[in-house]
Amino acid sequence: MKQLLILFLSFCFSLGLQAQENNDALFTKGINAFNEKDYAASTQVFEKLVKTDSLNATLHYNLGTAYLRLQNTSLSIYHLEKALKLQPDYEPARINLNFAEKLKTKVTKGNLPIPQQQMLYSVFNFLKPNAWAYLAIASMFLTVIVLVIYRLNSNATAKKALFTLSIFTLVISIGSYFISKNQSDYLLMNNYVIVKDSDVSLMNEPRSVAKITATLNEGEKGFIQEETNQWIKIQLQNDTIGWVDKKNVLQY
Amino acid sequence: MYAKHFIYMFLALFTSVATWAQFQLKTQVSSQSIGINQVLEVRFTMTDDGDDFKRPSFEGFEVVGGPMQSVSHSWVNGKTSMEKSFSFFVQPKKKGNLVIGSASATFEGKQYKSQQVTIKVGDAVQEQPRQQQRRRDPFAIFDEMEEELLRRQRQQQQLPKNMGQGIHLVAKVSKTSAYVNEPVTIEYGLYVSDQAGFNTMAVKNMPKYQNFWNHMIEQKQQNVTRATLNGKSYRYLALQKAVLLPQKDGTLKIDPLELELDEQYYTGRADVFGMPEIGIRKKVYSSGTKTIQIKQLPLDSQPAGYTGAVGSYQFNVQANKTSVKANEPLELILTVQGKGNLDLLTLPKPVAPTALELYDPEKINRVNKSISAGMEGSKAEKYVIVPQYKGTYTIEPITFSYFDTASKTYKTITSQPITIEVTDGPELPTNASMNNKAEVVSDKMQMQPLNKNIEWFNGNFITQNKSFYAWWLAPLLLLPIVFLAKNASDKKAGDVSGNKLKASNKLAKKYLSAAKTQIGNKEAFYEALERCLHNYLKAKLKIETTEMSNDTITELLQNNQINSEDISTFISIKTTCEMARYAQMDIQTMQNDYDLAVQLINSIDKQIKK
């Protein structure tokens with residue numbers, strides 16, 4: 001049983017390894033372009049990498065920082081926020097995000113709501129979602145092994161101990177499954193939007209001919225409340241609520 | 001004046017006497033020397049009734065009137081004389097000595113020729129006030145009456161010839177085809193020939209310039225100049241000049257300018273003293289409707305942020321300082337310079353970070369309007385920027401787009417980004433500095449470099465994959481398999497001892513409770529108690545009833561490390577039970593024995609479990 005698990009894990013790992021060599025070269029290219037102050041080229045490279053590995057905090061951080069150098073307000077804020085979402089304790093991303101916020105033409109005050117999963121995510125972030133998933137599998141195997149030993153053993157004391165152990169590992173397995181699921185769901189779900197362009201209209205209703213509630217500036221943030229095919233209902237930092245066209249915003 | 005006429009008359013008499021009865025063809029001119037703008041009367045007079053009069057070619061002159069024929073008969077002292085004359089009004093075309101050739105006539109089969117006359121044409125002279133020319137001559141009153149009659153007759157003949165030739169009202173448009181918003185100039189002018197003139201001018205209809213944005217070009221003074229129209233020289237007066245910006249595509253019409261003039265014209269005849277006669281009539285002139293084809297600007301290639309500029313421009317962004325202290329103002333000037341619809345275009349707005357306070361701009365327009373260039377000049381906006389915080393800020397490149405009429409394409413000019421360094425002043429507070437954690441961060445005012453260590457993740461959560469559930473839950477399937485297999489193998493091994501043990505244990509408990517109910521009933525009680533002890537031993541020591549002797553029990557109990565006290569108690573209770581079944585005992589011992597047995601069982605239980 002253990003051998004099978006090892007085989008499975010090493011298989012997953014080797015698959016990843018092949019793709020990595022290519023990406024490593026690209027990654028170095030992006031870093032070099034950045035060091036040579038060719039930020040536009042650097043953003044291109046990192047954009048390509050982010051496409052293949054869209055949930056990598058490091059890539060988002062590097063891309064956001066390159067955009068920051070290019071003075072691109074919305075994209076730098078977006079990628080740095082995304083890096084912070086993926087890794088809430090990423091200090092350099094927080095610092096650079098402060099710089100990116102300075103690029104905004106209008107400073108907005110007020111806080112946006114925080115989704116519940118975010119709290120849970122930051123508490124259990126010491127392990128990545130996949131690590132939790134592997135832990136769930138491993139502890140499930142352990143549970144079964146312990147239970148088998150329990151059944152085969154006739155010593156009453158040993159049996160009692162084995163049974164308690166199996167309950168414990170089962171709880172760990174189920175718990176880490178739910179943590180893993182919650183984390184991956186949170187990372188795949190979009191909770192906020194960043195306004196991509198300047199002079200974006202915030203509509204009263206999800207229609208293009210509706211009354212305009214407010215005009216948004218580049219880099220402004222909103223909390224997603226509702227979604228249709230084309231429109232998103234967002235709550236702004238000043239608590240204004242309205243609909244915005246999906247193509248004018250970046251979601252994260 | 002009167003005297004002069006008398007002298008003429010006398011002279012005429014004398015000459016007629018002197019040339020009596022001889023046919024003569026004479027050339028008379030009103031003046032030997034005239035200005036170029038004056039009209040000369042040439043009269044050919046014959047002293048008898050000649051035929052076949054042929055006029056000269058008047059080279060260098062233009063015939064503006066005539067010929068007029070007059071015949072006069074006179075009887076003086078019984079002699080008849082006759083005079084016949086042909087008059088022409090001519091105007092010189094050029095300066096210098098011009099020759100009027102000879103005319104010819106035939107009298108009694110013989111051809112006569114007049115002599116040539118040389119006229120000296122000088123510079124234009126100021127014309128005499130017309131009133132004077134039209135003054136009545138008491139002596140010519142009958143002539144005038146006659147002339148009036150003739151004039152009425154002739155007016156009808158001559159009007160078509162003179163009308164509209166002397167005065168032209170013309171509208172000149174710089175382009176007949178233009179783009180929307182491309183400046184077009186229009187100029188209305190009055191061409192007046194030297195033969196014509198007018199007294200008063202009244203505007204009947206002013207053009208409204210519908211669908212145009214119009215700018216009048218102000219004229220400081222109205223000068224009469226000379227200009228040529230269709231190869232002829234005219235006096236020219238510019239009436240109105242305007243720069244028009246078309247606002248709509250399609251064929252646009254410009255209404256005509258209509259003027260009513262009190263026009264002077266030469267009737268083509270001379271008054272009795274040889275002065276050309278001038279009439280006055282009202283006439284309406286129109287410049288005619290002008291049409292201009294206006295083309296729409298191409299929409300498909302229109303760049304983003306196009307604000308309607310058409311023409312050819314230069315765009316420039318300048319800051320007067322790039323290094324300042326906080327709260328020290330600096331100026332940012334955006335200038336558009338060139339030709340085109342300058343006053344309709346809007347300048348792009350600069351975008352500055354919030355840390356730089358941007359005030360509303362001051363607008364500086366320097367636009368010249370002229371017929372030759374349309375609209376030309378510069379338009380500028382001056383922004384005052386006051387930096388609030390220390391740091392380096394960038395004013396993003398500003399883009400200005402216009403439609404270039406020469407190349408018929410859109411052109412975009414992008415300025416260089418301007419970096420402003422604020423050397424002194426408070427630090428920029430950030431959004432995040434509101435909470436404590438970020439305050440530590442804001443101390444590190446350095447922008448962080450890239451992260452050079454990458455851990456690839458490759459974007460798959462294994463919980464999203466169905467195979468995860470297989471790996472996670474499959475082991476649980478093993479459990480029932482293992483458990484069932486174990487049970488089956490146990491059965492196969494025929495687990496007799498195990499089952500027996502369980503049964504004995506059950507029986508022991510059963511008999512113990514039976515004994516309790518039977519306290520007082522001596523035989524039943526002890527029987528139950530004995531069975532209980534038997535079964536208890538069977539369960540604990542795995543012995544059969546047949547082996548149940550005191551020695552074996554003692555040995556087995558000792559092997560199980562039960563202390564000797566309990567062993568002896570067990571043996572004594574066992575003996576008591578056996579004895580009681582056959583001997584008399586009192587009731588007191590029954591309760592005592594029961595308690596003892598319960599104690600004993602507990603004690604042995606504990607010791608065996610150890």
# chains A, B, ... in the order shown; residues from 1 in each chain; ligands from 1
>>> closest_atom_pairs(of="chain A", to="chain B", cutoff="6 Å", atoms="only C-alpha atoms", output="CSV")
residue,atom,partner,partner_atom,distance
A:Asp53,CA,B:Asn458,CA,4.4
A:Ser54,CA,B:Gly459,CA,5.8
A:Leu55,CA,B:Gly459,CA,5.4
A:Asn62,CA,B:Leu450,CA,5.2
A:Pro92,CA,B:Gln448,CA,5.7
A:Asn96,CA,B:Met447,CA,5.8
A:Leu103,CA,B:Pro353,CA,5.4
A:Thr105,CA,B:Pro353,CA,4.9
A:Lys106,CA,B:Thr354,CA,5.8
A:Asn130,CA,B:Phe461,CA,6.0
A:Ile137,CA,B:Trp472,CA,4.7
A:Phe141,CA,B:Pro475,CA,6.0
>>> select_by_dssp(residues="region 314-444 of chain B", states="strand (DSSP E)", output="short mmCIF file (atom, residue, chain, number, x, y, z; two decimals) with N, CA and C atoms, in the first residue's frame")
data_model
loop_
_atom_site.label_atom_id
_atom_site.label_comp_id
_atom_site.auth_asym_id
_atom_site.auth_seq_id
_atom_site.Cartn_x
_atom_site.Cartn_y
_atom_site.Cartn_z
N GLN B 314 1.58 70.59 -34.07
CA GLN B 314 2.67 70.09 -33.26
C GLN B 314 2.19 70.12 -31.82
N PHE B 315 2.64 69.14 -31.04
CA PHE B 315 2.17 69.04 -29.67
C PHE B 315 3.38 68.96 -28.75
N ASN B 316 3.31 69.69 -27.67
CA ASN B 316 4.47 69.80 -26.82
C ASN B 316 4.02 69.88 -25.36
N VAL B 317 4.71 69.13 -24.52
CA VAL B 317 4.41 69.19 -23.08
C VAL B 317 5.70 69.57 -22.36
N GLN B 318 5.59 70.55 -21.51
CA GLN B 318 6.79 71.01 -20.82
C GLN B 318 6.48 71.32 -19.38
N ALA B 319 7.43 71.01 -18.52
CA ALA B 319 7.32 71.42 -17.13
C ALA B 319 8.45 72.42 -16.90
N SER B 323 12.53 69.35 -10.47
CA SER B 323 12.97 69.02 -9.13
C SER B 323 12.51 70.14 -8.20
N VAL B 324 11.59 69.82 -7.31
CA VAL B 324 11.04 70.86 -6.44
C VAL B 324 10.93 70.34 -5.02
N LEU B 330 4.84 74.09 -9.48
CA LEU B 330 5.53 74.05 -10.76
C LEU B 330 4.48 74.08 -11.85
N GLU B 331 4.90 74.48 -13.02
CA GLU B 331 3.93 74.64 -14.10
C GLU B 331 4.14 73.59 -15.17
N LEU B 332 3.03 73.10 -15.63
CA LEU B 332 3.07 72.12 -16.72
C LEU B 332 2.29 72.75 -17.88
N ILE B 333 2.98 72.90 -19.02
CA ILE B 333 2.33 73.58 -20.14
C ILE B 333 2.16 72.62 -21.30
N LEU B 334 0.92 72.50 -21.75
CA LEU B 334 0.59 71.68 -22.92
C LEU B 334 0.31 72.64 -24.07
N THR B 335 1.02 72.49 -25.16
CA THR B 335 0.83 73.42 -26.28
C THR B 335 0.53 72.66 -27.56
N VAL B 336 -0.48 73.16 -28.27
CA VAL B 336 -0.74 72.65 -29.61
C VAL B 336 -0.54 73.82 -30.55
N GLN B 337 0.29 73.59 -31.58
CA GLN B 337 0.61 74.67 -32.47
C GLN B 337 0.40 74.19 -33.89
N GLY B 338 -0.12 75.04 -34.73
CA GLY B 338 -0.27 74.63 -36.12
C GLY B 338 -1.43 75.29 -36.81
N LYS B 339 -1.88 74.63 -37.85
CA LYS B 339 -2.94 75.14 -38.69
C LYS B 339 -4.12 74.19 -38.59
N GLY B 340 -5.30 74.73 -38.49
CA GLY B 340 -6.47 73.87 -38.45
C GLY B 340 -7.55 74.45 -37.57
N LEU B 356 0.58 64.53 -6.34
CA LEU B 356 0.77 65.83 -6.98
C LEU B 356 -0.60 66.46 -7.13
N GLU B 357 -0.78 67.62 -6.53
CA GLU B 357 -2.09 68.26 -6.64
C GLU B 357 -2.13 69.06 -7.93
N LEU B 358 -3.13 68.77 -8.75
CA LEU B 358 -3.22 69.38 -10.08
C LEU B 358 -4.38 70.37 -10.07
N GLU B 362 -4.94 77.18 -16.88
CA GLU B 362 -5.16 78.51 -17.45
C GLU B 362 -5.01 78.34 -18.95
N LYS B 363 -5.97 78.90 -19.71
CA LYS B 363 -5.94 78.66 -21.15
C LYS B 363 -5.36 79.87 -21.87
N ILE B 364 -4.44 79.60 -22.76
CA ILE B 364 -3.82 80.68 -23.53
C ILE B 364 -4.05 80.37 -25.00
N ASN B 365 -4.82 81.24 -25.66
CA ASN B 365 -5.08 81.02 -27.08
C ASN B 365 -4.45 82.14 -27.90
N ARG B 366 -3.70 81.75 -28.89
CA ARG B 366 -3.19 82.74 -29.82
C ARG B 366 -3.55 82.25 -31.21
N VAL B 367 -4.70 82.70 -31.70
CA VAL B 367 -5.18 82.19 -32.98
C VAL B 367 -5.32 83.36 -33.95
N ASN B 368 -4.70 83.23 -35.10
CA ASN B 368 -4.85 84.23 -36.15
C ASN B 368 -5.72 83.65 -37.24
N LYS B 369 -6.65 84.48 -37.69
CA LYS B 369 -7.49 84.02 -38.78
C LYS B 369 -7.12 84.81 -40.02
N SER B 370 -6.92 84.15 -41.10
CA SER B 370 -6.62 84.85 -42.34
C SER B 370 -7.14 84.05 -43.50
N GLY B 374 -6.36 80.27 -43.22
CA GLY B 374 -7.50 79.82 -42.45
C GLY B 374 -7.28 80.20 -41.00
N MET B 375 -7.00 79.19 -40.17
CA MET B 375 -6.77 79.48 -38.77
C MET B 375 -5.40 78.96 -38.41
N GLU B 376 -4.66 79.76 -37.73
CA GLU B 376 -3.27 79.42 -37.50
C GLU B 376 -2.90 79.96 -36.13
N GLY B 377 -2.02 79.29 -35.44
CA GLY B 377 -1.58 79.82 -34.16
C GLY B 377 -1.35 78.71 -33.16
N SER B 378 -1.53 79.04 -31.90
CA SER B 378 -1.25 78.04 -30.88
C SER B 378 -2.33 78.11 -29.81
N LYS B 379 -2.51 76.98 -29.17
CA LYS B 379 -3.46 76.89 -28.07
C LYS B 379 -2.71 76.19 -26.94
N ALA B 380 -2.75 76.75 -25.78
CA ALA B 380 -1.97 76.17 -24.69
C ALA B 380 -2.80 76.13 -23.42
N GLU B 381 -2.48 75.15 -22.58
CA GLU B 381 -3.09 75.09 -21.25
C GLU B 381 -1.99 74.99 -20.22
N LYS B 382 -2.09 75.84 -19.24
CA LYS B 382 -1.03 75.89 -18.24
C LYS B 382 -1.58 75.35 -16.92
N TYR B 383 -1.05 74.23 -16.48
CA TYR B 383 -1.49 73.61 -15.23
C TYR B 383 -0.51 73.98 -14.12
N VAL B 384 -1.04 74.24 -12.97
CA VAL B 384 -0.17 74.46 -11.82
C VAL B 384 -0.23 73.19 -10.97
N ILE B 385 0.96 72.66 -10.67
CA ILE B 385 1.03 71.42 -9.90
C ILE B 385 1.70 71.73 -8.57
N VAL B 386 1.08 71.29 -7.50
CA VAL B 386 1.71 71.47 -6.19
C VAL B 386 1.95 70.09 -5.60
N PRO B 387 3.21 69.66 -5.52
CA PRO B 387 3.48 68.34 -4.93
C PRO B 387 3.23 68.38 -3.43
N GLY B 391 9.14 62.35 -2.89
CA GLY B 391 9.20 61.14 -3.71
C GLY B 391 9.45 61.47 -5.16
N THR B 392 9.48 60.45 -5.97
CA THR B 392 9.65 60.65 -7.40
C THR B 392 8.35 60.25 -8.08
N TYR B 393 7.82 61.15 -8.86
CA TYR B 393 6.54 60.91 -9.50
C TYR B 393 6.66 61.05 -11.00
N THR B 394 5.83 60.37 -11.68
CA THR B 394 5.87 60.45 -13.14
C THR B 394 4.53 60.95 -13.64
N ILE B 395 4.62 61.95 -14.49
CA ILE B 395 3.42 62.38 -15.22
C ILE B 395 3.42 61.57 -16.49
N THR B 399 -1.08 61.92 -24.86
CA THR B 399 -1.25 61.64 -26.29
C THR B 399 -2.20 62.65 -26.89
N PHE B 400 -1.78 63.22 -28.03
CA PHE B 400 -2.65 64.14 -28.76
C PHE B 400 -2.81 63.61 -30.17
N SER B 401 -4.05 63.44 -30.61
CA SER B 401 -4.29 62.90 -31.95
C SER B 401 -4.97 63.97 -32.78
N TYR B 402 -4.62 63.99 -34.06
CA TYR B 402 -5.34 64.89 -34.95
C TYR B 402 -5.44 64.25 -36.32
N PHE B 403 -6.36 64.78 -37.12
CA PHE B 403 -6.51 64.28 -38.47
C PHE B 403 -5.70 65.19 -39.38
N ASP B 404 -4.73 64.60 -40.03
CA ASP B 404 -3.85 65.37 -40.88
C ASP B 404 -4.52 65.49 -42.26
N THR B 409 -4.73 61.13 -42.97
CA THR B 409 -4.67 60.07 -41.96
C THR B 409 -4.67 60.72 -40.59
N TYR B 410 -4.91 59.88 -39.60
CA TYR B 410 -4.81 60.36 -38.22
C TYR B 410 -3.36 60.30 -37.80
N LYS B 411 -2.95 61.29 -37.08
CA LYS B 411 -1.59 61.25 -36.54
C LYS B 411 -1.68 61.42 -35.04
N THR B 412 -0.80 60.73 -34.36
CA THR B 412 -0.81 60.78 -32.90
C THR B 412 0.56 61.21 -32.43
N ILE B 413 0.57 62.20 -31.57
CA ILE B 413 1.83 62.65 -30.98
C ILE B 413 1.78 62.31 -29.50
N THR B 414 2.80 61.60 -29.05
CA THR B 414 2.86 61.24 -27.64
C THR B 414 4.05 61.95 -27.01
N ILE B 418 7.15 62.81 -17.93
CA ILE B 418 7.93 63.79 -17.19
C ILE B 418 8.08 63.29 -15.76
N THR B 419 9.30 63.20 -15.32
CA THR B 419 9.56 62.73 -13.97
C THR B 419 9.81 63.93 -13.07
N ILE B 420 9.06 63.97 -12.01
CA ILE B 420 9.21 65.09 -11.08
C ILE B 420 9.75 64.57 -9.77
N GLU B 421 10.81 65.18 -9.36
CA GLU B 421 11.43 64.73 -8.12
C GLU B 421 11.09 65.74 -7.03
N VAL B 422 10.46 65.25 -6.00
CA VAL B 422 10.15 66.13 -4.88
C VAL B 422 11.19 65.83 -3.81
#
>>> residues_around(residues="Gly110 (chain A)", least_positions_apart="3", cutoff="9 Å", atoms="only C-alpha atoms", output="list in words")
Leu236, Gln237, Asn238 and Asp239 of chain A
>>> closest_residue(among="A:Trp132, A:Phe223, A:Tyr61, A:Tyr121", to="Asn191 (chain A)", atoms="only C-alpha atoms")
A:Phe223
>>> residues_around(residues="region 156-172 of chain A", least_positions_apart="6", cutoff="10 Å", atoms="only C-alpha atoms", output="list in words")
Trp132, Leu135, Ala136, Ile137, Ala138, Ser139, Met140, Phe141, Leu142, Thr143, Val144, Ile145, Val146, Leu147, Val148, Ile149, Tyr150 and Phe178 of chain A
>>> write_last_selection(atoms="N, CA and C atoms", output="CSV table (one decimal), in the first residue's frame")
chain,number,residue,atom,x,y,z
A,132,TRP,N,-2.2,19.6,2.1
A,132,TRP,CA,-3.3,19.1,2.9
A,132,TRP,C,-4.0,17.9,2.3
A,135,LEU,N,-1.9,15.0,2.8
A,135,LEU,CA,-2.0,14.6,4.2
A,135,LEU,C,-3.3,13.8,4.5
A,136,ALA,N,-4.3,14.2,3.8
A,136,ALA,CA,-5.6,13.5,3.9
A,136,ALA,C,-5.5,12.1,3.4
A,137,ILE,N,-4.8,11.9,2.3
A,137,ILE,CA,-4.6,10.6,1.7
A,137,ILE,C,-3.8,9.7,2.7
A,138,ALA,N,-2.7,10.3,3.1
A,138,ALA,CA,-1.7,9.6,4.0
A,138,ALA,C,-2.4,9.2,5.3
A,139,SER,N,-3.1,10.1,5.9
A,139,SER,CA,-3.7,9.7,7.2
A,139,SER,C,-4.8,8.7,7.0
A,140,MET,N,-5.4,8.8,5.8
A,140,MET,CA,-6.5,7.8,5.6
A,140,MET,C,-5.8,6.4,5.5
A,141,PHE,N,-4.7,6.3,4.8
A,141,PHE,CA,-4.0,5.0,4.7
A,141,PHE,C,-3.6,4.6,6.1
A,142,LEU,N,-3.1,5.5,6.9
A,142,LEU,CA,-2.7,5.1,8.2
A,142,LEU,C,-3.8,4.6,9.1
A,143,THR,N,-5.0,5.3,8.9
A,143,THR,CA,-6.2,4.8,9.6
A,143,THR,C,-6.5,3.4,9.3
A,144,VAL,N,-6.5,3.1,8.0
A,144,VAL,CA,-6.8,1.7,7.6
A,144,VAL,C,-5.8,0.7,8.1
A,145,ILE,N,-4.5,1.1,8.0
A,145,ILE,CA,-3.5,0.2,8.5
A,145,ILE,C,-3.7,-0.1,10.0
A,146,VAL,N,-3.9,1.0,10.8
A,146,VAL,CA,-4.1,0.8,12.2
A,146,VAL,C,-5.3,-0.1,12.5
A,147,LEU,N,-6.4,0.1,11.7
A,147,LEU,CA,-7.6,-0.6,12.0
A,147,LEU,C,-7.3,-2.1,11.7
A,148,VAL,N,-6.6,-2.4,10.6
A,148,VAL,CA,-6.3,-3.8,10.3
A,148,VAL,C,-5.5,-4.4,11.4
A,149,ILE,N,-4.5,-3.7,11.9
A,149,ILE,CA,-3.7,-4.2,13.0
A,149,ILE,C,-4.5,-4.5,14.2
A,150,TYR,N,-5.4,-3.5,14.4
A,150,TYR,CA,-6.4,-3.6,15.6
A,150,TYR,C,-7.2,-4.9,15.5
A,178,PHE,N,-11.1,18.7,4.3
A,178,PHE,CA,-11.9,19.9,4.2
A,178,PHE,C,-11.1,21.2,4.1
>>> residues_around(residues="region 245-260 of chain B", least_positions_apart="4", cutoff="7 Å", atoms="only C-alpha atoms", output="PyMOL selection string")
chain B and resi 180-184+201-209+211-214+282-296
>>> write_last_selection(atoms="N, CA and C atoms", output="short mmCIF file (atom, residue, chain, number, x, y, z; two decimals), in the first residue's frame")
data_model
loop_
_atom_site.label_atom_id
_atom_site.label_comp_id
_atom_site.auth_asym_id
_atom_site.auth_seq_id
_atom_site.Cartn_x
_atom_site.Cartn_y
_atom_site.Cartn_z
N VAL B 180 -14.83 67.40 -42.40
CA VAL B 180 -15.52 68.02 -41.29
C VAL B 180 -14.48 68.65 -40.38
N ASN B 181 -14.74 69.87 -39.98
CA ASN B 181 -13.85 70.61 -39.09
C ASN B 181 -12.58 71.15 -39.75
N GLU B 182 -12.44 70.95 -41.04
CA GLU B 182 -11.27 71.50 -41.71
C GLU B 182 -11.60 72.94 -42.12
N PRO B 183 -10.77 73.91 -41.74
CA PRO B 183 -11.12 75.29 -42.03
C PRO B 183 -11.18 75.58 -43.53
N VAL B 184 -12.22 76.31 -43.93
CA VAL B 184 -12.40 76.75 -45.32
C VAL B 184 -12.59 78.25 -45.23
N MET B 201 -24.83 101.44 -51.69
CA MET B 201 -24.84 99.98 -51.64
C MET B 201 -25.73 99.57 -50.48
N ALA B 202 -26.65 98.66 -50.70
CA ALA B 202 -27.51 98.17 -49.62
C ALA B 202 -27.46 96.65 -49.64
N VAL B 203 -27.27 96.08 -48.46
CA VAL B 203 -27.20 94.61 -48.37
C VAL B 203 -28.62 94.08 -48.32
N LYS B 204 -28.93 93.23 -49.25
CA LYS B 204 -30.27 92.65 -49.26
C LYS B 204 -30.32 91.31 -48.54
N ASN B 205 -29.23 90.59 -48.64
CA ASN B 205 -29.23 89.25 -48.02
C ASN B 205 -27.81 88.92 -47.56
N MET B 206 -27.70 88.64 -46.28
CA MET B 206 -26.38 88.26 -45.74
C MET B 206 -26.33 86.74 -45.64
N PRO B 207 -25.23 86.14 -45.99
CA PRO B 207 -25.15 84.68 -45.84
C PRO B 207 -25.21 84.27 -44.37
N LYS B 208 -25.88 83.14 -44.10
CA LYS B 208 -26.07 82.71 -42.71
C LYS B 208 -25.05 81.65 -42.29
N TYR B 209 -24.41 81.01 -43.23
CA TYR B 209 -23.43 79.95 -42.96
C TYR B 209 -24.03 78.85 -42.11
N ASN B 211 -24.76 75.22 -40.77
CA ASN B 211 -23.91 74.02 -40.62
C ASN B 211 -22.43 74.34 -40.62
N PHE B 212 -22.13 75.61 -40.47
CA PHE B 212 -20.72 75.98 -40.35
C PHE B 212 -20.53 76.70 -39.02
N TRP B 213 -19.35 76.58 -38.53
CA TRP B 213 -18.93 77.36 -37.39
C TRP B 213 -18.13 78.50 -38.01
N ASN B 214 -18.61 79.74 -37.94
CA ASN B 214 -17.92 80.77 -38.70
C ASN B 214 -17.20 81.80 -37.84
N LYS B 282 -31.10 101.05 -60.37
CA LYS B 282 -30.95 100.11 -59.25
C LYS B 282 -30.79 98.71 -59.81
N LYS B 283 -29.87 98.00 -59.21
CA LYS B 283 -29.70 96.65 -59.69
C LYS B 283 -29.28 95.74 -58.53
N VAL B 284 -29.77 94.51 -58.51
CA VAL B 284 -29.42 93.56 -57.44
C VAL B 284 -28.35 92.62 -57.96
N TYR B 285 -27.31 92.54 -57.23
CA TYR B 285 -26.23 91.60 -57.59
C TYR B 285 -26.22 90.46 -56.58
N SER B 286 -25.89 89.28 -57.04
CA SER B 286 -25.81 88.13 -56.13
C SER B 286 -24.50 87.39 -56.39
N SER B 287 -23.92 86.92 -55.33
CA SER B 287 -22.65 86.21 -55.50
C SER B 287 -22.88 84.77 -55.95
N GLY B 288 -24.10 84.35 -55.89
CA GLY B 288 -24.39 82.97 -56.31
C GLY B 288 -24.16 82.00 -55.16
N THR B 289 -24.93 80.94 -55.14
CA THR B 289 -24.80 79.93 -54.07
C THR B 289 -23.55 79.09 -54.33
N LYS B 290 -22.79 78.92 -53.26
CA LYS B 290 -21.58 78.09 -53.37
C LYS B 290 -21.85 76.76 -52.70
N THR B 291 -21.38 75.69 -53.27
CA THR B 291 -21.53 74.40 -52.60
C THR B 291 -20.14 73.84 -52.29
N ILE B 292 -20.07 73.23 -51.14
CA ILE B 292 -18.81 72.60 -50.72
C ILE B 292 -19.11 71.16 -50.35
N GLN B 293 -18.30 70.28 -50.85
CA GLN B 293 -18.43 68.86 -50.50
C GLN B 293 -17.69 68.63 -49.19
N ILE B 294 -18.41 68.19 -48.17
CA ILE B 294 -17.76 67.93 -46.89
C ILE B 294 -17.70 66.43 -46.66
N LYS B 295 -16.50 65.96 -46.39
CA LYS B 295 -16.30 64.52 -46.18
C LYS B 295 -16.24 64.23 -44.69
N GLN B 296 -16.77 63.09 -44.33
CA GLN B 296 -16.71 62.63 -42.94
C GLN B 296 -15.28 62.17 -42.66
#
>>> residues_around(residues="Val99 (chain B)", least_positions_apart="2", cutoff="8 Å", atoms="only C-alpha atoms", output="number ranges by chain")
B: 58-59, 97, 101, 116-119
>>> write_last_selection(atoms="N, CA and C atoms", output="PDB file, in the first residue's frame")
ATOM      1  N   PHE B  58      -9.834 102.173 -84.475  1.00  0.00           N
ATOM      2  CA  PHE B  58      -9.613 102.589 -83.068  1.00  0.00           C
ATOM      3  C   PHE B  58      -8.664 101.645 -82.353  1.00  0.00           C
ATOM      4  N   GLU B  59      -7.518 101.451 -82.902  1.00  0.00           N
ATOM      5  CA  GLU B  59      -6.561 100.549 -82.258  1.00  0.00           C
ATOM      6  C   GLU B  59      -6.080 101.151 -80.940  1.00  0.00           C
ATOM      7  N   ASN B  97       1.131 107.552 -76.713  1.00  0.00           N
ATOM      8  CA  ASN B  97       0.544 108.259 -77.856  1.00  0.00           C
ATOM      9  C   ASN B  97      -0.182 107.253 -78.724  1.00  0.00           C
ATOM     10  N   GLY B 101      -7.020 106.288 -86.441  1.00  0.00           N
ATOM     11  CA  GLY B 101      -6.841 106.218 -87.890  1.00  0.00           C
ATOM     12  C   GLY B 101      -7.886 107.048 -88.644  1.00  0.00           C
ATOM     13  N   GLN B 116      -5.482 111.712 -89.728  1.00  0.00           N
ATOM     14  CA  GLN B 116      -5.242 110.949 -88.482  1.00  0.00           C
ATOM     15  C   GLN B 116      -5.067 111.917 -87.329  1.00  0.00           C
ATOM     16  N   VAL B 117      -5.432 111.446 -86.166  1.00  0.00           N
ATOM     17  CA  VAL B 117      -5.278 112.287 -84.969  1.00  0.00           C
ATOM     18  C   VAL B 117      -4.463 111.489 -83.928  1.00  0.00           C
ATOM     19  N   THR B 118      -3.524 112.170 -83.342  1.00  0.00           N
ATOM     20  CA  THR B 118      -2.750 111.516 -82.291  1.00  0.00           C
ATOM     21  C   THR B 118      -3.246 111.992 -80.927  1.00  0.00           C
ATOM     22  N   ILE B 119      -3.506 111.052 -80.082  1.00  0.00           N
ATOM     23  CA  ILE B 119      -4.019 111.361 -78.732  1.00  0.00           C
ATOM     24  C   ILE B 119      -2.957 110.953 -77.721  1.00  0.00           C
TER      25      ILE B 119
END
>>> closest_residue(among="B:Ile167, B:Ser114, B:Pro397, B:Leu237", to="Asp262 (chain B)", atoms="only C-alpha atoms")
B:Ile167
